[in-house]
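**Student:** What follows is protein22.cif, mmCIF, C-alpha atoms.
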```cif
data_work
loop_
_atom_site.label_atom_id
_atom_site.label_comp_id
_atom_site.auth_asym_id
_atom_site.auth_seq_id
_atom_site.Cartn_x
_atom_site.Cartn_y
_atom_site.Cartn_z
CA MET A 1 127.46 93.53 72.22
CA ILE A 2 124.73 93.40 74.84
CA ASP A 3 122.89 96.37 76.26
CA LEU A 4 122.19 94.96 79.69
CA GLY A 5 124.19 92.57 81.82
CA VAL A 6 122.18 91.10 84.65
CA VAL A 7 122.59 88.67 87.54
CA ALA A 8 119.62 87.49 89.61
CA GLY A 9 119.70 84.96 92.41
CA GLU A 10 117.01 82.36 93.23
CA ALA A 11 113.25 82.44 92.56
CA SER A 12 112.44 85.83 94.09
CA GLY A 13 115.27 87.52 92.17
CA ASP A 14 114.11 85.83 88.99
CA LEU A 15 110.59 87.17 89.53
CA LEU A 16 111.80 90.70 90.24
CA GLY A 17 114.21 90.51 87.32
CA ALA A 18 111.45 89.56 84.89
CA HIS A 19 109.48 92.66 85.92
CA PHE A 20 112.67 94.72 85.62
CA VAL A 21 113.52 93.57 82.09
CA ARG A 22 109.95 93.90 80.82
CA ALA A 23 109.82 97.45 82.17
CA LEU A 24 112.95 98.36 80.21
CA LYS A 25 111.72 96.65 77.06
CA GLN A 26 108.52 98.67 76.99
CA GLY A 27 110.49 101.59 75.59
CA ARG A 28 113.29 99.51 74.04
CA PRO A 29 111.86 96.38 72.39
CA GLY A 30 115.25 95.56 70.87
CA LEU A 31 117.03 95.53 74.24
CA ARG A 32 119.63 92.76 74.43
CA ALA A 33 120.17 91.27 77.88
CA ALA A 34 122.27 88.37 79.15
CA GLY A 35 123.61 86.99 82.40
CA ILE A 36 122.53 84.74 85.25
CA ALA A 37 118.77 84.31 85.00
CA GLY A 38 115.92 82.01 85.93
CA PRO A 39 112.99 80.80 83.81
CA ARG A 40 110.88 83.94 84.26
CA MET A 41 113.71 86.20 83.15
CA ALA A 42 114.39 83.90 80.21
CA GLU A 43 110.73 84.30 79.21
CA ALA A 44 111.26 88.08 79.41
CA GLY A 45 114.09 87.79 76.88
CA VAL A 46 117.27 87.39 78.93
CA ASP A 47 119.94 85.04 77.54
CA ALA A 48 120.68 82.80 80.55
CA ILE A 49 124.40 82.02 80.59
CA TYR A 50 123.96 80.34 83.99
CA PRO A 51 120.69 79.51 85.80
CA SER A 52 119.70 81.57 88.84
CA GLU A 53 119.30 78.43 90.95
CA LYS A 54 123.11 78.20 91.08
CA LEU A 55 123.04 81.19 93.45
CA ALA A 56 120.19 79.88 95.63
CA VAL A 57 122.40 79.39 98.68
CA ASN A 58 122.03 81.16 102.02
CA GLY A 59 123.68 81.14 105.43
CA TYR A 60 127.37 80.90 106.34
CA VAL A 61 127.52 77.10 106.45
CA GLU A 62 125.69 76.59 103.14
CA VAL A 63 127.77 79.22 101.30
CA LEU A 64 131.03 77.63 102.46
CA ARG A 65 129.89 74.29 101.07
CA HIS A 66 129.19 75.78 97.63
CA LEU A 67 131.93 78.43 97.66
CA PRO A 68 134.27 76.93 95.00
CA GLU A 69 131.50 76.71 92.41
CA LEU A 70 130.17 80.19 93.26
CA LEU A 71 133.62 81.75 92.92
CA TRP A 72 134.17 79.97 89.60
CA ILE A 73 130.83 81.19 88.22
CA ARG A 74 131.46 84.76 89.40
CA SER A 75 134.89 84.81 87.78
CA ARG A 76 133.57 83.45 84.48
CA ILE A 77 130.56 85.77 84.29
CA GLY A 78 132.79 88.73 85.21
CA ARG A 79 135.15 87.96 82.32
CA HIS A 80 132.16 87.62 80.01
CA PHE A 81 130.82 91.07 80.91
CA LEU A 82 134.26 92.69 80.69
CA ALA A 83 134.57 91.30 77.17
CA GLU A 84 131.03 92.22 76.11
CA ARG A 85 130.99 95.57 77.94
CA PRO A 86 127.23 96.08 78.39
CA ARG A 87 125.98 99.66 78.62
CA VAL A 88 124.93 98.94 82.19
CA PHE A 89 125.07 96.01 84.59
CA VAL A 90 122.18 95.33 86.95
CA GLY A 91 122.60 93.11 89.98
CA ILE A 92 119.26 91.88 91.30
CA ASP A 93 119.40 90.83 94.93
CA ALA A 94 122.13 88.18 95.71
CA PRO A 95 124.25 90.92 97.36
CA ASP A 96 127.15 88.77 98.53
CA PHE A 97 127.63 87.50 94.98
CA ASN A 98 126.81 90.70 93.13
CA PHE A 99 128.68 93.36 95.07
CA THR A 100 132.10 91.86 94.33
CA LEU A 101 131.14 91.45 90.68
CA GLU A 102 129.74 94.99 90.54
CA ALA A 103 132.92 96.46 92.06
CA ARG A 104 134.99 94.71 89.38
CA LEU A 105 132.79 96.01 86.57
CA LYS A 106 132.49 99.53 88.00
CA ALA A 107 136.27 99.78 88.28
CA ALA A 108 136.45 98.89 84.58
CA GLY A 109 134.09 101.76 83.69
CA ILE A 110 130.83 99.83 83.36
CA PRO A 111 127.96 101.53 85.26
CA THR A 112 126.42 99.28 87.89
CA VAL A 113 122.86 99.43 89.20
CA HIS A 114 121.75 97.28 92.11
CA PHE A 115 118.07 96.46 92.45
CA VAL A 116 116.80 95.62 95.95
CA SER A 117 118.95 96.81 98.81
CA PRO A 118 120.33 94.21 101.19
CA SER A 119 118.87 94.44 104.68
CA ILE A 120 121.55 96.76 106.06
CA TRP A 121 118.80 98.21 108.28
CA ALA A 122 118.36 94.78 109.88
CA TRP A 123 121.89 93.42 110.12
CA ARG A 124 125.46 93.96 108.84
CA PRO A 125 125.22 97.78 108.46
CA GLU A 126 128.95 97.88 107.72
CA ARG A 127 128.14 96.75 104.17
CA ILE A 128 127.33 100.35 103.23
CA GLU A 129 131.03 100.99 102.48
CA ARG A 130 131.22 97.94 100.24
CA ILE A 131 128.08 99.11 98.46
CA ARG A 132 129.62 102.55 97.89
CA GLN A 133 132.57 100.92 96.07
CA ALA A 134 130.38 98.61 93.99
CA VAL A 135 127.21 100.48 93.04
CA SER A 136 126.71 103.44 90.71
CA HIS A 137 123.00 103.64 91.56
CA MET A 138 120.85 101.79 94.11
CA LEU A 139 117.17 101.07 93.48
CA VAL A 140 115.24 100.44 96.70
CA VAL A 141 111.81 98.89 97.14
CA PHE A 142 110.92 100.17 100.62
CA PRO A 143 110.41 103.89 101.35
CA PHE A 144 112.52 104.02 104.53
CA GLU A 145 115.61 102.74 102.65
CA GLU A 146 116.02 105.85 100.51
CA GLN A 147 117.26 108.05 103.38
CA ILE A 148 119.94 105.51 104.34
CA TYR A 149 121.61 105.84 100.95
CA GLN A 150 121.11 109.56 100.68
CA ASP A 151 122.90 109.95 104.03
CA ALA A 152 125.74 107.78 102.72
CA GLY A 153 126.05 109.83 99.51
CA ILE A 154 125.11 106.92 97.24
CA PRO A 155 122.79 107.71 94.29
CA VAL A 156 119.44 106.11 95.06
CA SER A 157 115.88 105.87 93.74
CA TYR A 158 112.83 104.56 95.56
CA VAL A 159 110.87 102.62 92.95
CA GLY A 160 108.29 100.83 95.08
CA HIS A 161 107.87 97.07 95.01
CA PRO A 162 106.95 95.41 91.68
CA LEU A 163 104.88 92.79 93.49
CA ALA A 164 102.65 95.53 94.88
CA ASP A 165 101.80 96.51 91.31
CA VAL A 166 100.94 93.02 90.06
CA ILE A 167 99.10 91.64 93.11
CA PRO A 168 95.52 92.94 93.18
CA LEU A 169 94.43 95.17 96.04
CA GLU A 170 91.43 92.87 96.52
CA PRO A 171 92.39 89.25 95.80
CA ASP A 172 89.61 87.01 94.46
CA THR A 173 89.58 84.23 97.04
CA ALA A 174 86.52 82.49 95.59
CA ALA A 175 88.04 82.31 92.10
CA ALA A 176 91.34 80.98 93.47
CA ARG A 177 89.56 78.26 95.45
CA ALA A 178 87.55 77.29 92.40
CA ALA A 179 90.72 77.14 90.30
CA LEU A 180 92.29 74.75 92.82
CA GLY A 181 89.13 72.70 93.22
CA LEU A 182 88.86 73.38 96.95
CA THR A 183 85.71 72.67 98.94
CA PRO A 184 84.15 74.82 101.72
CA GLY A 185 86.18 74.97 104.93
CA PRO A 186 89.39 76.56 106.23
CA VAL A 187 92.29 76.67 103.77
CA VAL A 188 95.88 76.82 105.02
CA ALA A 189 98.77 77.57 102.67
CA LEU A 190 102.19 76.09 103.47
CA LEU A 191 105.16 77.95 101.96
CA PRO A 192 108.41 76.32 103.11
CA GLY A 193 110.67 78.45 100.88
CA SER A 194 112.05 78.43 97.35
CA ARG A 195 115.57 77.17 98.11
CA LEU A 196 115.94 73.41 98.42
CA SER A 197 117.74 73.86 101.74
CA GLU A 198 114.71 75.79 103.02
CA VAL A 199 112.31 73.10 101.86
CA THR A 200 114.43 70.48 103.60
CA ARG A 201 114.31 72.41 106.89
CA HIS A 202 110.70 73.59 106.78
CA ALA A 203 108.51 71.15 104.85
CA ARG A 204 108.13 68.49 107.55
CA LEU A 205 107.81 71.19 110.22
CA MET A 206 104.86 72.72 108.38
CA LEU A 207 103.30 69.35 107.53
CA ASP A 208 103.42 68.29 111.19
CA ALA A 209 101.82 71.61 112.14
CA ALA A 210 99.13 71.00 109.51
CA ALA A 211 98.36 67.63 111.07
CA LEU A 212 97.79 69.36 114.42
CA ILE A 213 95.55 71.97 112.78
CA ARG A 214 93.51 69.17 111.20
CA ARG A 215 92.72 67.82 114.68
CA GLN A 216 90.93 71.07 115.53
CA TYR A 217 89.49 71.65 112.06
CA PRO A 218 88.76 68.27 110.42
CA ASP A 219 87.52 70.04 107.29
CA ALA A 220 90.74 72.08 106.88
CA GLN A 221 92.48 71.85 103.50
CA PHE A 222 96.18 72.37 102.88
CA VAL A 223 97.93 73.65 99.75
CA LEU A 224 101.70 73.70 99.31
CA PRO A 225 103.13 75.42 96.21
CA ALA A 226 106.49 73.87 95.26
CA ALA A 227 108.89 76.19 93.45
CA ASN A 228 110.15 73.43 91.13
CA GLU A 229 110.24 69.66 90.60
CA ALA A 230 113.17 69.19 92.97
CA ALA A 231 111.28 71.00 95.74
CA ALA A 232 108.18 68.91 95.06
CA LYS A 233 110.22 65.72 95.46
CA LEU A 234 111.56 66.94 98.81
CA VAL A 235 108.00 67.67 99.95
CA GLN A 236 106.87 64.19 98.94
CA GLN A 237 109.76 62.71 100.91
CA ALA A 238 108.79 64.81 103.94
CA ARG A 239 105.22 63.48 103.73
CA GLN A 240 106.28 59.86 104.14
CA GLY A 241 104.68 58.26 107.18
CA LEU A 242 102.29 61.18 107.66
CA ASP A 243 98.56 60.60 107.24
CA LEU A 244 97.67 64.01 105.86
CA ASP A 245 96.06 65.10 102.60
CA VAL A 246 98.07 67.98 101.17
CA ARG A 247 97.68 69.41 97.69
CA VAL A 248 101.22 69.96 96.37
CA LEU A 249 101.08 72.51 93.56
CA ALA A 250 103.51 73.09 90.71
CA GLY A 251 104.27 76.73 91.49
CA GLN A 252 100.98 78.66 91.74
CA SER A 253 102.05 80.35 94.97
CA HIS A 254 99.89 83.38 94.22
CA THR A 255 96.83 81.19 93.61
CA ALA A 256 97.50 79.38 96.89
CA LEU A 257 97.82 82.66 98.78
CA ALA A 258 94.68 84.10 97.22
CA ALA A 259 92.78 80.95 98.22
CA CYS A 260 93.92 80.56 101.82
CA ASP A 261 92.59 81.84 105.13
CA VAL A 262 95.98 81.69 106.86
CA ALA A 263 99.50 80.79 105.79
CA LEU A 264 102.60 79.26 107.35
CA VAL A 265 105.47 81.01 105.57
CA ALA A 266 109.26 80.76 105.63
CA SER A 267 110.82 84.18 106.13
CA GLY A 268 111.68 85.94 102.88
CA THR A 269 109.92 87.60 99.97
CA ALA A 270 107.00 85.18 100.38
CA THR A 271 106.04 86.90 103.64
CA LEU A 272 105.61 90.18 101.76
CA GLU A 273 103.59 88.42 99.05
CA THR A 274 101.36 86.95 101.76
CA ALA A 275 100.80 90.41 103.26
CA LEU A 276 100.00 91.85 99.82
CA PHE A 277 97.36 89.13 99.45
CA LYS A 278 95.97 90.37 102.82
CA LYS A 279 96.39 86.99 104.50
CA PRO A 280 97.19 86.43 108.20
CA MET A 281 100.33 84.36 108.56
CA VAL A 282 102.81 82.69 110.86
CA ILE A 283 106.42 83.40 109.88
CA THR A 284 109.03 80.77 110.61
CA TYR A 285 112.66 80.02 109.81
CA ARG A 286 115.35 77.54 110.66
CA VAL A 287 119.05 77.66 109.80
CA PRO A 288 122.03 75.64 111.06
CA ALA A 289 122.97 76.50 114.65
CA LEU A 290 126.25 78.22 113.72
CA THR A 291 124.54 80.40 111.11
CA ALA A 292 121.84 81.35 113.63
CA HIS A 293 124.44 82.28 116.26
CA LEU A 294 126.38 84.53 113.89
CA MET A 295 123.25 86.21 112.54
CA ARG A 296 121.88 86.93 116.02
CA LYS A 297 125.11 88.71 116.96
CA LYS A 298 124.68 91.08 113.99
CA ALA A 299 120.91 91.62 114.18
CA LEU A 300 119.71 95.22 114.59
CA LEU A 301 115.93 94.66 114.69
CA PRO A 302 113.64 92.47 116.80
CA TRP A 303 111.79 91.25 113.68
CA ILE A 304 112.82 89.03 110.77
CA GLY A 305 109.61 89.09 108.68
CA LEU A 306 109.11 91.86 106.13
CA PRO A 307 105.49 92.60 107.16
CA ASN A 308 106.60 93.17 110.76
CA ILE A 309 109.62 95.22 109.70
CA LEU A 310 107.45 97.47 107.53
CA ALA A 311 104.86 97.83 110.30
CA ARG A 312 107.58 98.22 112.98
CA ASP A 313 105.54 95.86 115.14
CA PHE A 314 104.74 92.18 115.64
CA VAL A 315 101.64 92.24 113.45
CA VAL A 316 102.12 88.52 112.82
CA PRO A 317 103.90 85.92 114.97
CA GLU A 318 107.45 84.82 114.23
CA ARG A 319 108.70 81.36 115.20
CA VAL A 320 112.44 81.03 114.65
CA GLN A 321 114.97 78.29 115.44
CA GLU A 322 114.07 76.58 118.75
CA ALA A 323 110.63 78.22 118.75
CA ALA A 324 109.90 76.79 115.31
CA THR A 325 107.98 73.71 116.46
CA PRO A 326 104.89 72.10 114.94
CA LYS A 327 102.86 72.89 118.07
CA ASN A 328 103.80 76.58 118.08
CA LEU A 329 103.02 76.98 114.38
CA ALA A 330 99.72 75.14 114.75
CA ASP A 331 98.71 77.14 117.83
CA ASP A 332 99.49 80.42 116.07
CA ALA A 333 97.53 79.41 112.97
CA LEU A 334 94.56 78.27 115.06
CA ALA A 335 94.63 81.58 116.93
CA TRP A 336 94.18 83.39 113.60
CA LEU A 337 91.34 81.10 112.54
CA ASP A 338 89.56 81.58 115.88
CA ASP A 339 89.83 85.39 116.08
CA ALA A 340 87.97 87.24 113.31
CA PRO A 341 88.54 90.79 114.70
CA ARG A 342 92.30 90.18 114.85
CA ARG A 343 92.25 88.89 111.26
CA HIS A 344 90.40 91.98 110.06
CA ALA A 345 92.85 94.31 111.84
CA ALA A 346 95.81 92.57 110.18
CA ILE A 347 94.12 92.78 106.78
CA GLU A 348 93.69 96.55 107.14
CA THR A 349 97.36 96.89 108.10
CA PHE A 350 98.33 94.91 105.01
CA ARG A 351 96.08 97.02 102.78
CA ALA A 352 97.79 100.23 103.94
CA MET A 353 101.16 98.56 103.36
CA HIS A 354 100.13 97.57 99.85
CA LEU A 355 99.10 101.12 98.94
CA ALA A 356 102.41 102.53 100.21
CA LEU A 357 104.44 100.08 98.09
CA ARG A 358 102.32 100.42 94.92
CA GLN A 359 104.33 103.06 93.03
CA ASP A 360 104.26 101.87 89.39
CA ALA A 361 107.68 100.33 89.90
CA SER A 362 108.10 99.45 86.22
CA ALA A 363 107.97 103.08 85.14
CA ARG A 364 110.26 104.17 87.97
CA ILE A 365 112.79 101.42 87.19
CA ALA A 366 112.84 102.31 83.51
CA GLY A 367 113.30 105.98 84.35
CA ALA A 368 116.23 105.29 86.69
CA VAL A 369 118.09 102.99 84.28
CA ALA A 370 117.30 104.85 81.03
CA PRO A 371 120.17 107.38 81.34
CA TYR A 372 122.71 104.56 81.36
CA LEU A 373 121.19 102.86 78.31
CA ASP A 374 120.93 106.16 76.42
#
```
As structure tokens - that is how I would like this structure written.

**Tutor:**
Amino acid sequence: MIDLGVVAGEASGDLLGAHFVRALKQGRPGLRAAGIAGPRMAEAGVDAIYPSEKLAVNGYVEVLRHLPELLWIRSRIGRHFLAERPRVFVGIDAPDFNFTLEARLKAAGIPTVHFVSPSIWAWRPERIERIRQAVSHMLVVFPFEEQIYQDAGIPVSYVGHPLADVIPLEPDTAAARAALGLTPGPVVALLPGSRLSEVTRHARLMLDAAALIRRQYPDAQFVLPAANEAAAKLVQQARQGLDLDVRVLAGQSHTALAACDVALVASGTATLETALFKKPMVITYRVPALTAHLMRKKALLPWIGLPNILARDFVVPERVQEAATPKNLADDALAWLDDAPRRHAAIETFRAMHLALRQDASARIAGAVAPYLD
């Protein structure tokens, strides 16, 4: 019998899941956990029945292409948990996959906790009813989310964001640059995303923008952390025919962010990480045209990037779909490099954001889940 069943999707879910499991194990070193997990969760002691990368699919078109495999995995993992009957199941992100699984387990009497609310405040608010059926307890990472669930009568706890606890309030830029062997001059981090589909859409876009930045700053250096070997291969393919020196890193996204002056970042958790490292950024994103059309119809907010959503303002520029061009990204990055007062204002905004999200999430998570394990 296992104590904790868990499903995490993609790299960001794997990172959050590792923090989650370690928090629980602080008071329960013998905790047994199994489910869908990535390498970081496996290091934290989770038995990975399937790898998290299987769920690293986003957008309507992409999900349809992988739907048969996703449905098969969800059915198999559901049967596994119904047989093992963990004391509690925790779904980490991956809402479209997890909510159906959670509803099945909850109906069978297994308590279900969901960690990280989907963006019902940004689009698809109708999901609140589906969440009510699936989730015994919601753990939210942003303070404004708590009231949404309280109003809906769904048990909820604001735990803060684990990344705000582990990222230092004052990143050591000099040490990060030394670790990467960088020389004096502007440093630009390129973060095209953790999913392979994101790397395919964004890597060449960012590399072309970097080439334009280099024209204005010949001494500029570029670092691109690749989430895994497959992503690194896609980046190398995107570099073909481009005369540009880019340091492709094996992971090390936090080192790259600590080292940089400005970042080009695909929308997602990486934008929050960039803000927590107090770095000015340009947020970008591309999806297939049909996916973009459907998402725009359901959007509730004018922003897509987490730093802008938390600030309720366009603190950093967003370049999405047709506006996501190399010239626009390069111009926005150059504007940051050329405007020190604007950079300092953004840094102060990010520092306040960091303090608000730093809530000792590990202790809060453990406290919220403990009653189910006990």

**Student:** Between CA of Ala250 (chain A) and CA of Ile36 (chain A), measure the distance and give it in Å to one decimal.

**Tutor:** 23.0 Å

**Student:** For the atom pair CA of Ser157 (chain A) and CA of Pro95 (chain A), what is the interatomic distance in Å to one decimal place?

**Tutor:** 17.5 Å

**Student:** When you look at Thr200 (chain A) with a cut-off of 10 Å (counting only C-alpha atoms), what residues show up, excluding the ones that are within fewer than 2 positions of it in the same chain? I need them as an MDAnalysis selection string.

**Tutor:** chainID A and resid 192:193 195:198 202:205 231 234:235 237:238

**Student:** Calculate, to one decimal in Å, the centre and edge lengths of the box along x, y and z of the file that holds all listed atoms of region 337-345 of chain A with 3 Å of margin on each side, and present them as lines of an AutoDock Vina configuration file.

**Tutor:**
```
center_x = 90.4
center_y = 87.7
center_z = 113.1
size_x = 10.9
size_y = 19.2
size_z = 12.0
```

**Student:** Please provide the set of residues having any atom within 9 Å of Asp219 (chain A), restricted to all atoms listed in the file, with same-chain residues fewer than 5 positions apart removed, written as a VMD selection string.

**Tutor:** chain A and resid 183 to 187 214

**Student:** Interatomic distance between CA of Ala366 (chain A) and CA of Gly30 (chain A)?

**Tutor:**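 Interatomic distance here is 14.5 Å.
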
**Student:** How would you write, as a ChimeraX atom specification, the residues chosen by the PyMOL selection byres ((chain A and resi 8-21) around 8) on this structure?

**Tutor:** /A:6-7,22-25,36-46,52-56,91-94,162-163,194-195,227,269,362,365-366

**Student:** I need the chosen residues saved as a CSV table (one decimal), keeping the file's coordinate frame, with C-alpha atoms.

**Tutor:**
```
chain,number,residue,atom,x,y,z
A,6,VAL,CA,122.2,91.1,84.6
A,7,VAL,CA,122.6,88.7,87.5
A,22,ARG,CA,110.0,93.9,80.8
A,23,ALA,CA,109.8,97.4,82.2
A,24,LEU,CA,113.0,98.4,80.2
A,25,LYS,CA,111.7,96.6,77.1
A,36,ILE,CA,122.5,84.7,85.2
A,37,ALA,CA,118.8,84.3,85.0
A,38,GLY,CA,115.9,82.0,85.9
A,39,PRO,CA,113.0,80.8,83.8
A,40,ARG,CA,110.9,83.9,84.3
A,41,MET,CA,113.7,86.2,83.2
A,42,ALA,CA,114.4,83.9,80.2
A,43,GLU,CA,110.7,84.3,79.2
A,44,ALA,CA,111.3,88.1,79.4
A,45,GLY,CA,114.1,87.8,76.9
A,46,VAL,CA,117.3,87.4,78.9
A,52,SER,CA,119.7,81.6,88.8
A,53,GLU,CA,119.3,78.4,91.0
A,54,LYS,CA,123.1,78.2,91.1
A,55,LEU,CA,123.0,81.2,93.4
A,56,ALA,CA,120.2,79.9,95.6
A,91,GLY,CA,122.6,93.1,90.0
A,92,ILE,CA,119.3,91.9,91.3
A,93,ASP,CA,119.4,90.8,94.9
A,94,ALA,CA,122.1,88.2,95.7
A,162,PRO,CA,107.0,95.4,91.7
A,163,LEU,CA,104.9,92.8,93.5
A,194,SER,CA,112.0,78.4,97.4
A,195,ARG,CA,115.6,77.2,98.1
A,227,ALA,CA,108.9,76.2,93.4
A,269,THR,CA,109.9,87.6,100.0
A,362,SER,CA,108.1,99.4,86.2
A,365,ILE,CA,112.8,101.4,87.2
A,366,ALA,CA,112.8,102.3,83.5
```

**Student:** As a check of understanding, name the residues that the PyMOL selection byres ((chain A and resi 98-110) around 9) selects in the supplied structure, as a PyMOL selection string.

**Tutor:** chain A and resi 7-8+74-75+77-78+81-82+85-97+111-114+130-131+133-136

**Student:** Using the chain letters and numbers from the file, which residues does the PyMOL selection byres ((chain A and resi 261) around 9) grab, as a PyMOL selection string?

**Tutor:** chain A and resi 173+186-189+257-260+262-263+279-281+336-337

**Student:** Limited to C-alpha atoms, could you put the picked residues into a file as an mmCIF file, in the coordinates of the input?

**Tutor:**
```cif
data_model
loop_
_atom_site.group_PDB
_atom_site.id
_atom_site.type_symbol
_atom_site.label_atom_id
_atom_site.label_comp_id
_atom_site.auth_asym_id
_atom_site.auth_seq_id
_atom_site.Cartn_x
_atom_site.Cartn_y
_atom_site.Cartn_z
ATOM 1 C CA THR A 173 89.580 84.230 97.040
ATOM 2 C CA PRO A 186 89.390 76.560 106.230
ATOM 3 C CA VAL A 187 92.290 76.670 103.770
ATOM 4 C CA VAL A 188 95.880 76.820 105.020
ATOM 5 C CA ALA A 189 98.770 77.570 102.670
ATOM 6 C CA LEU A 257 97.820 82.660 98.780
ATOM 7 C CA ALA A 258 94.680 84.100 97.220
ATOM 8 C CA ALA A 259 92.780 80.950 98.220
ATOM 9 C CA CYS A 260 93.920 80.560 101.820
ATOM 10 C CA VAL A 262 95.980 81.690 106.860
ATOM 11 C CA ALA A 263 99.500 80.790 105.790
ATOM 12 C CA LYS A 279 96.390 86.990 104.500
ATOM 13 C CA PRO A 280 97.190 86.430 108.200
ATOM 14 C CA MET A 281 100.330 84.360 108.560
ATOM 15 C CA TRP A 336 94.180 83.390 113.600
ATOM 16 C CA LEU A 337 91.340 81.100 112.540
#
```

**Student:** Using all atoms listed in the file, find the one residue out of A:Pro68, A:Pro307, A:Gly153, A:Pro326 that sits nearest to Ala352 (chain A).

**Tutor:**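 Looking at the shortest contact to Ala352 (chain A), the residue is A:Pro307.
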